[in-house]
Structure formats: C-alpha cells, structure tokens
Amino acid sequence: MRSLARLGTSLMTLVAVSVLVFAFANLMPGDPARILAGSMASTRDVEAIREQLGLNKPPLARYVHFVAGLYEPAYAMSYQTRRPVAVEIRERLPNTLIIAAGGLVVGLLFGIGAGVLSALNRGSMLDVAITVVTLAGISMPIYWLALLCIWLFAVSLGWLPAAGASTPAHFILPILVVATRPAAMFSQLVSTSLSEVMSRDYLDLARSKGLSASRVMVRHALRNSLVAAVSVAGVQFGAMLGGAVVTETVFGIPGVGRLLVDAVSAADYPVIEYSILMFAVFFLVINLLTDGITKWLDPRTR
C-alpha cells in the first residue's frame, strides 16, 4: 500500500510540475513568433507565424496540446528547428547522463573512501585535512571550480581538452567537477555515521567472535552507515541533472542542459517545457529507487 501511495503521489507531483512549467514558460519575456520572423518582419508575418505555432490559442488549449505531446511526438515540435523535441532530447541526453552518472559514481567512491579514513583516524591530521577539503568542496561554486580546472589541466598543463564531447577525454574534467560536491557530502555523512555506529554493542559482539577489523567495518558498520549516504545520493543525482545547465555551458558539451539554455534565449517553449518535465521524471524515479535501496540496506524501514 505504501508503494502505491508513493506512486500516486509521484504522479500527482508530475501533474503539478507540468502545470507550473507550462505557466512559467509562457510568462517568460520574449515572443517566439517575433524571434522567428526577425526584427524586420511585418506585423502580419508575425501573426501568421503565431497562428502556425498555435500561440494565438487559449492557454487551456495550448496546455492540452502540451500534454498530448507526451504521447504523440508530432505534437511536440521545437519552434527553432521544427524537429520533434523528443529527437532533440534523445540526441543530447547521453552526454548529460554520462556526466551525471559518472560524477555520482566518482563522488560515491571518493566520498566513502574519505569518510572511512576520517572515521578510522578521528582527531588526527588526516581527519583534519579531509574535513578541510570536504568543506571546500561543498562551498566552492561549480562554475568557478570548472573554470579553475580548465585553466590548470587544459590551458596550463595541456593534459585534457577544455571543451567539447567528441572523445572520452572530454568528459573527464566535467565528471570530476560535478563529483566534487557529492564526494564532500558523502565523506561527511559516512564519517559521522561510522563514528556513531562503531560504538554500538553489536560491533563489540562481532569483534569478540574473532572477526577482523576490516570485516567488521565493511560487513557490519559500513553497511548501516550507507543508509544516509544512499538517501543523499538520490537527491544529489537529481541535483547534478539540474546542474547540467551550468556544467555543459562552461565545458561546451552538447547536452540537455545546454539545449535548455539555448531554448530559453530563443523562447522555444516546447523544448523548455519537455526538458524540465524530463528532469522532474528522472528526479522522481531516482527517489523511488533510493527508497527501495534504503529498505534493502536497513530492514527496520520495511
């Protein structure tokens, strides 16, 4: 029953998001018909384009047309390219997912490793150094870190390309930049959780049975400490998808984030609406998966 309730809540959330996205997109400054017609076009030409795009219809009729585009791609056409929005997104989505998924995996690996080291060396210089680095990772803006990485690794050292997405090497810098914040958050979460879990009675019992320190850490303490990290991982993945707007713009990657930026400047309503709605769907699906993984890790939540 709880799963069905969660699913129903997610569907209601999507409906609310679709209404808000449609409303805010149509309140944006700029006239798509005027942009397409050009500054020298006559009023009659602009009105003809507006009628062709359906912009002269009532808001309710345009919202129904927007919802119909979710089922029939022919209804969801970009104003600028006159191609289906689904095609525009499908061509760019792999680049966005590579950056977001790669950043999450790298962030998890580095964050969990740093958290374990910090918990095992509580109060030492290593613990202090990890704390300072994690605080810097959380505090530093993504765009500023991206510019610093481009200056250091691409311009000064020449190790990696600065922009583009034609080779795997082009994704190394964006993934590392995106992974910085989740790595810092996972490190703090795992370190704090491990410090609390390591003093529990059941771990003393595991040690008394002759289990090695590494086995006690990995099999018992770390698994319980990962519950909070997994919950945050779902939120962070959604945030990284939304943060693709900044990352892809700085690194010149043709992803959904950059597509959204170009659509906003051109007042391309369908691209804006369906791109944001796609991000919302990803965010809700990830939250549902995160809940399932959390229940598997912690039987008390079942």
# chains A, B, ... in the order shown; residues from 1 in each chain; ligands from 1
>>> residues_around(residues="Ile130 in chain A", least_positions_apart="5", cutoff="12 Å", atoms="only C-alpha atoms", output="MDAnalysis selection string")
chainID A and resid 110:119 121:125 135:137 183:188 191
>>> residues_around(residues="Glu88 in chain A", least_positions_apart="3", cutoff="9 Å", atoms="only C-alpha atoms", output="NGL selection string")
:A and (78 or 83-85 or 91-93 or 256 or 259 or 271)
>>> residues_around(residues="range 102-109 of chain A", least_positions_apart="3", cutoff="6 Å", atoms="only C-alpha atoms", output="list of chain:residue names")
A:Ile98, A:Ile99, A:Ile112, A:Ile175, A:Val178, A:Ala179, A:Pro182, A:Ala183
>>> closest_atom_pairs(of="range 64-173 of chain A", to="range 18-36 of chain A", cutoff="9 Å", atoms="only C-alpha atoms", output="CSV")
residue,atom,partner,partner_atom,distance
A:Phe66,CA,A:Phe22,CA,8.0
A:Val67,CA,A:Ser18,CA,8.2
A:Tyr79,CA,A:Pro32,CA,7.5
A:Gln80,CA,A:Leu36,CA,7.2
>>> select_by_dssp(residues="range 22-243 of chain A", states="helix (DSSP H, G or I)", output="JSON list (two decimals) with C-alpha atoms, in the first residue's frame")
[["chain", "number", "residue", "atom", "x", "y", "z"],
["A", 22, "PHE", "CA", 3.68, 25.41, -18.77],
["A", 23, "ALA", "CA", 2.62, 28.52, -16.85],
["A", 24, "PHE", "CA", 6.13, 29.85, -16.18],
["A", 25, "ALA", "CA", 7.35, 29.10, -19.72],
["A", 26, "ASN", "CA", 4.52, 31.15, -21.18],
["A", 32, "PRO", "CA", 8.77, 33.27, -30.17],
["A", 33, "ALA", "CA", 6.92, 34.42, -33.28],
["A", 34, "ARG", "CA", 8.82, 37.72, -33.37],
["A", 35, "ILE", "CA", 12.15, 35.93, -32.80],
["A", 36, "LEU", "CA", 11.49, 33.51, -35.65],
["A", 37, "ALA", "CA", 10.21, 36.21, -38.01],
["A", 43, "THR", "CA", 3.06, 42.51, -38.03],
["A", 44, "ARG", "CA", 1.14, 40.34, -40.49],
["A", 45, "ASP", "CA", 4.10, 37.96, -40.83],
["A", 46, "VAL", "CA", 4.46, 37.73, -37.06],
["A", 47, "GLU", "CA", 0.75, 36.97, -36.65],
["A", 48, "ALA", "CA", 0.95, 34.29, -39.34],
["A", 49, "ILE", "CA", 3.81, 32.57, -37.50],
["A", 50, "ARG", "CA", 1.95, 32.90, -34.21],
["A", 51, "GLU", "CA", -1.07, 31.19, -35.74],
["A", 52, "GLN", "CA", 1.11, 28.48, -37.27],
["A", 53, "LEU", "CA", 2.67, 27.73, -33.89],
["A", 59, "PRO", "CA", -3.98, 28.79, -22.57],
["A", 60, "LEU", "CA", -6.10, 25.72, -21.80],
["A", 61, "ALA", "CA", -5.99, 24.57, -25.42],
["A", 62, "ARG", "CA", -2.23, 25.04, -25.51],
["A", 63, "TYR", "CA", -1.82, 23.09, -22.27],
["A", 64, "VAL", "CA", -3.86, 20.21, -23.70],
["A", 65, "HIS", "CA", -1.63, 20.31, -26.78],
["A", 66, "PHE", "CA", 1.41, 20.25, -24.47],
["A", 67, "VAL", "CA", 0.11, 17.16, -22.63],
["A", 68, "ALA", "CA", -0.75, 15.46, -25.94],
["A", 73, "PRO", "CA", 5.88, 13.31, -30.64],
["A", 74, "ALA", "CA", 4.43, 15.05, -33.71],
["A", 75, "TYR", "CA", 2.64, 17.50, -31.36],
["A", 85, "VAL", "CA", 11.55, 17.73, -29.10],
["A", 86, "ALA", "CA", 11.94, 14.02, -28.33],
["A", 87, "VAL", "CA", 14.57, 13.78, -31.05],
["A", 88, "GLU", "CA", 16.39, 16.88, -29.77],
["A", 89, "ILE", "CA", 16.49, 15.48, -26.24],
["A", 90, "ARG", "CA", 17.37, 11.93, -27.31],
["A", 91, "GLU", "CA", 20.42, 13.16, -29.22],
["A", 92, "ARG", "CA", 21.75, 15.11, -26.23],
["A", 93, "LEU", "CA", 20.60, 13.04, -23.26],
["A", 94, "PRO", "CA", 23.51, 10.52, -23.35],
["A", 95, "ASN", "CA", 26.05, 13.29, -22.74],
["A", 96, "THR", "CA", 24.07, 14.59, -19.76],
["A", 97, "LEU", "CA", 23.66, 11.11, -18.26],
["A", 98, "ILE", "CA", 27.37, 10.31, -18.70],
["A", 99, "ILE", "CA", 28.33, 13.41, -16.71],
["A", 100, "ALA", "CA", 25.68, 12.96, -14.00],
["A", 101, "ALA", "CA", 26.14, 9.19, -13.54],
["A", 102, "GLY", "CA", 29.93, 9.43, -13.78],
["A", 103, "GLY", "CA", 30.00, 12.26, -11.26],
["A", 104, "LEU", "CA", 27.80, 10.31, -8.87],
["A", 105, "VAL", "CA", 29.93, 7.15, -9.09],
["A", 106, "VAL", "CA", 33.20, 9.06, -8.66],
["A", 107, "GLY", "CA", 31.69, 11.07, -5.81],
["A", 108, "LEU", "CA", 30.50, 7.91, -4.06],
["A", 109, "LEU", "CA", 33.86, 6.16, -4.38],
["A", 110, "PHE", "CA", 35.93, 9.12, -3.19],
["A", 111, "GLY", "CA", 33.40, 10.16, -0.56],
["A", 112, "ILE", "CA", 33.02, 6.72, 1.01],
["A", 113, "GLY", "CA", 36.78, 6.17, 0.98],
["A", 114, "ALA", "CA", 37.48, 9.54, 2.57],
["A", 115, "GLY", "CA", 34.71, 9.01, 5.13],
["A", 116, "VAL", "CA", 36.10, 5.65, 6.20],
["A", 117, "LEU", "CA", 39.62, 7.08, 6.54],
["A", 118, "SER", "CA", 38.30, 10.03, 8.53],
["A", 119, "ALA", "CA", 36.32, 7.77, 10.89],
["A", 120, "LEU", "CA", 39.27, 5.42, 11.46],
["A", 125, "MET", "CA", 45.90, 15.38, 10.94],
["A", 126, "LEU", "CA", 44.43, 13.20, 8.18],
["A", 127, "ASP", "CA", 40.95, 13.72, 9.62],
["A", 128, "VAL", "CA", 41.51, 17.48, 9.75],
["A", 129, "ALA", "CA", 42.81, 17.55, 6.16],
["A", 130, "ILE", "CA", 39.81, 15.56, 4.87],
["A", 131, "THR", "CA", 37.43, 17.88, 6.75],
["A", 132, "VAL", "CA", 39.04, 20.99, 5.24],
["A", 133, "VAL", "CA", 38.92, 19.53, 1.72],
["A", 134, "THR", "CA", 35.28, 18.45, 2.07],
["A", 135, "LEU", "CA", 34.24, 21.87, 3.35],
["A", 136, "ALA", "CA", 35.99, 23.47, 0.38],
["A", 137, "GLY", "CA", 34.26, 21.05, -1.98],
["A", 138, "ILE", "CA", 30.83, 21.89, -0.60],
["A", 139, "SER", "CA", 31.44, 25.65, -0.54],
["A", 142, "ILE", "CA", 30.59, 24.61, -9.66],
["A", 143, "TYR", "CA", 31.22, 27.19, -12.38],
["A", 144, "TRP", "CA", 34.26, 28.60, -10.55],
["A", 145, "LEU", "CA", 35.74, 25.16, -9.99],
["A", 146, "ALA", "CA", 35.12, 24.32, -13.65],
["A", 147, "LEU", "CA", 36.98, 27.45, -14.79],
["A", 148, "LEU", "CA", 39.90, 26.66, -12.46],
["A", 149, "CYS", "CA", 40.12, 23.11, -13.81],
["A", 150, "ILE", "CA", 40.07, 24.36, -17.41],
["A", 151, "TRP", "CA", 42.83, 26.86, -16.63],
["A", 152, "LEU", "CA", 45.01, 24.27, -14.84],
["A", 153, "PHE", "CA", 44.52, 20.99, -16.75],
["A", 154, "ALA", "CA", 43.63, 22.29, -20.22],
["A", 155, "VAL", "CA", 45.38, 25.65, -20.62],
["A", 156, "SER", "CA", 48.43, 25.44, -18.34],
["A", 168, "PRO", "CA", 36.06, 10.18, -23.76],
["A", 169, "ALA", "CA", 38.80, 12.56, -22.60],
["A", 170, "HIS", "CA", 36.35, 15.48, -22.98],
["A", 171, "PHE", "CA", 34.22, 14.06, -20.16],
["A", 172, "ILE", "CA", 36.98, 13.69, -17.55],
["A", 173, "LEU", "CA", 37.01, 17.30, -16.35],
["A", 174, "PRO", "CA", 33.19, 17.70, -16.26],
["A", 175, "ILE", "CA", 32.81, 14.44, -14.30],
["A", 176, "LEU", "CA", 35.49, 15.42, -11.78],
["A", 177, "VAL", "CA", 33.98, 18.87, -11.32],
["A", 178, "VAL", "CA", 30.46, 17.50, -10.87],
["A", 179, "ALA", "CA", 31.72, 14.82, -8.45],
["A", 180, "THR", "CA", 33.32, 17.34, -6.08],
["A", 181, "ARG", "CA", 30.23, 18.32, -4.10],
["A", 182, "PRO", "CA", 28.69, 14.83, -3.70],
["A", 183, "ALA", "CA", 32.11, 13.44, -2.72],
["A", 184, "ALA", "CA", 32.40, 16.04, 0.03],
["A", 185, "MET", "CA", 28.86, 15.38, 1.27],
["A", 186, "PHE", "CA", 29.26, 11.59, 1.23],
["A", 187, "SER", "CA", 32.56, 11.88, 3.09],
["A", 188, "GLN", "CA", 30.99, 13.87, 5.92],
["A", 189, "LEU", "CA", 27.93, 11.62, 6.11],
["A", 190, "VAL", "CA", 29.87, 8.36, 6.14],
["A", 191, "SER", "CA", 32.41, 9.69, 8.64],
["A", 192, "THR", "CA", 29.74, 10.87, 11.05],
["A", 193, "SER", "CA", 27.65, 7.71, 10.69],
["A", 194, "LEU", "CA", 30.64, 5.40, 11.15],
["A", 195, "SER", "CA", 31.74, 7.26, 14.27],
["A", 196, "GLU", "CA", 28.29, 6.63, 15.77],
["A", 197, "VAL", "CA", 27.96, 3.04, 14.58],
["A", 201, "ASP", "CA", 27.16, -3.11, 21.16],
["A", 202, "TYR", "CA", 26.63, -5.44, 18.20],
["A", 203, "LEU", "CA", 30.02, -4.44, 16.77],
["A", 204, "ASP", "CA", 31.68, -5.33, 20.07],
["A", 205, "LEU", "CA", 29.98, -8.71, 19.80],
["A", 206, "ALA", "CA", 31.30, -9.14, 16.24],
["A", 207, "ARG", "CA", 34.83, -8.35, 17.41],
["A", 208, "SER", "CA", 34.51, -10.80, 20.29],
["A", 213, "ALA", "CA", 38.63, -5.18, 11.89],
["A", 214, "SER", "CA", 38.21, -4.82, 8.12],
["A", 215, "ARG", "CA", 35.38, -7.37, 8.06],
["A", 216, "VAL", "CA", 33.62, -5.68, 10.96],
["A", 217, "MET", "CA", 33.99, -2.35, 9.20],
["A", 218, "VAL", "CA", 32.78, -3.44, 5.74],
["A", 219, "ARG", "CA", 30.15, -6.06, 6.57],
["A", 220, "HIS", "CA", 28.54, -4.51, 9.63],
["A", 221, "ALA", "CA", 29.45, -0.88, 10.31],
["A", 222, "LEU", "CA", 29.75, 0.44, 6.76],
["A", 223, "ARG", "CA", 26.51, -1.13, 5.52],
["A", 224, "ASN", "CA", 24.48, 0.60, 8.23],
["A", 225, "SER", "CA", 26.34, 3.86, 7.62],
["A", 226, "LEU", "CA", 25.49, 3.80, 3.90],
["A", 227, "VAL", "CA", 21.76, 4.23, 4.53],
["A", 228, "ALA", "CA", 22.07, 8.00, 4.90],
["A", 229, "ALA", "CA", 24.54, 8.21, 2.01],
["A", 230, "VAL", "CA", 22.17, 6.36, -0.34],
["A", 231, "SER", "CA", 19.32, 8.70, 0.57],
["A", 232, "VAL", "CA", 21.50, 11.71, -0.23],
["A", 233, "ALA", "CA", 22.76, 10.05, -3.44],
["A", 234, "GLY", "CA", 19.29, 10.16, -4.97],
["A", 235, "VAL", "CA", 18.93, 13.85, -4.23],
["A", 236, "GLN", "CA", 22.45, 14.56, -5.48],
["A", 237, "PHE", "CA", 21.85, 12.75, -8.77],
["A", 238, "GLY", "CA", 18.78, 14.87, -9.39],
["A", 239, "ALA", "CA", 20.74, 17.99, -8.48],
["A", 240, "MET", "CA", 23.53, 17.01, -10.89],
["A", 241, "LEU", "CA", 20.99, 16.59, -13.70],
["A", 242, "GLY", "CA", 19.68, 20.06, -12.95]]
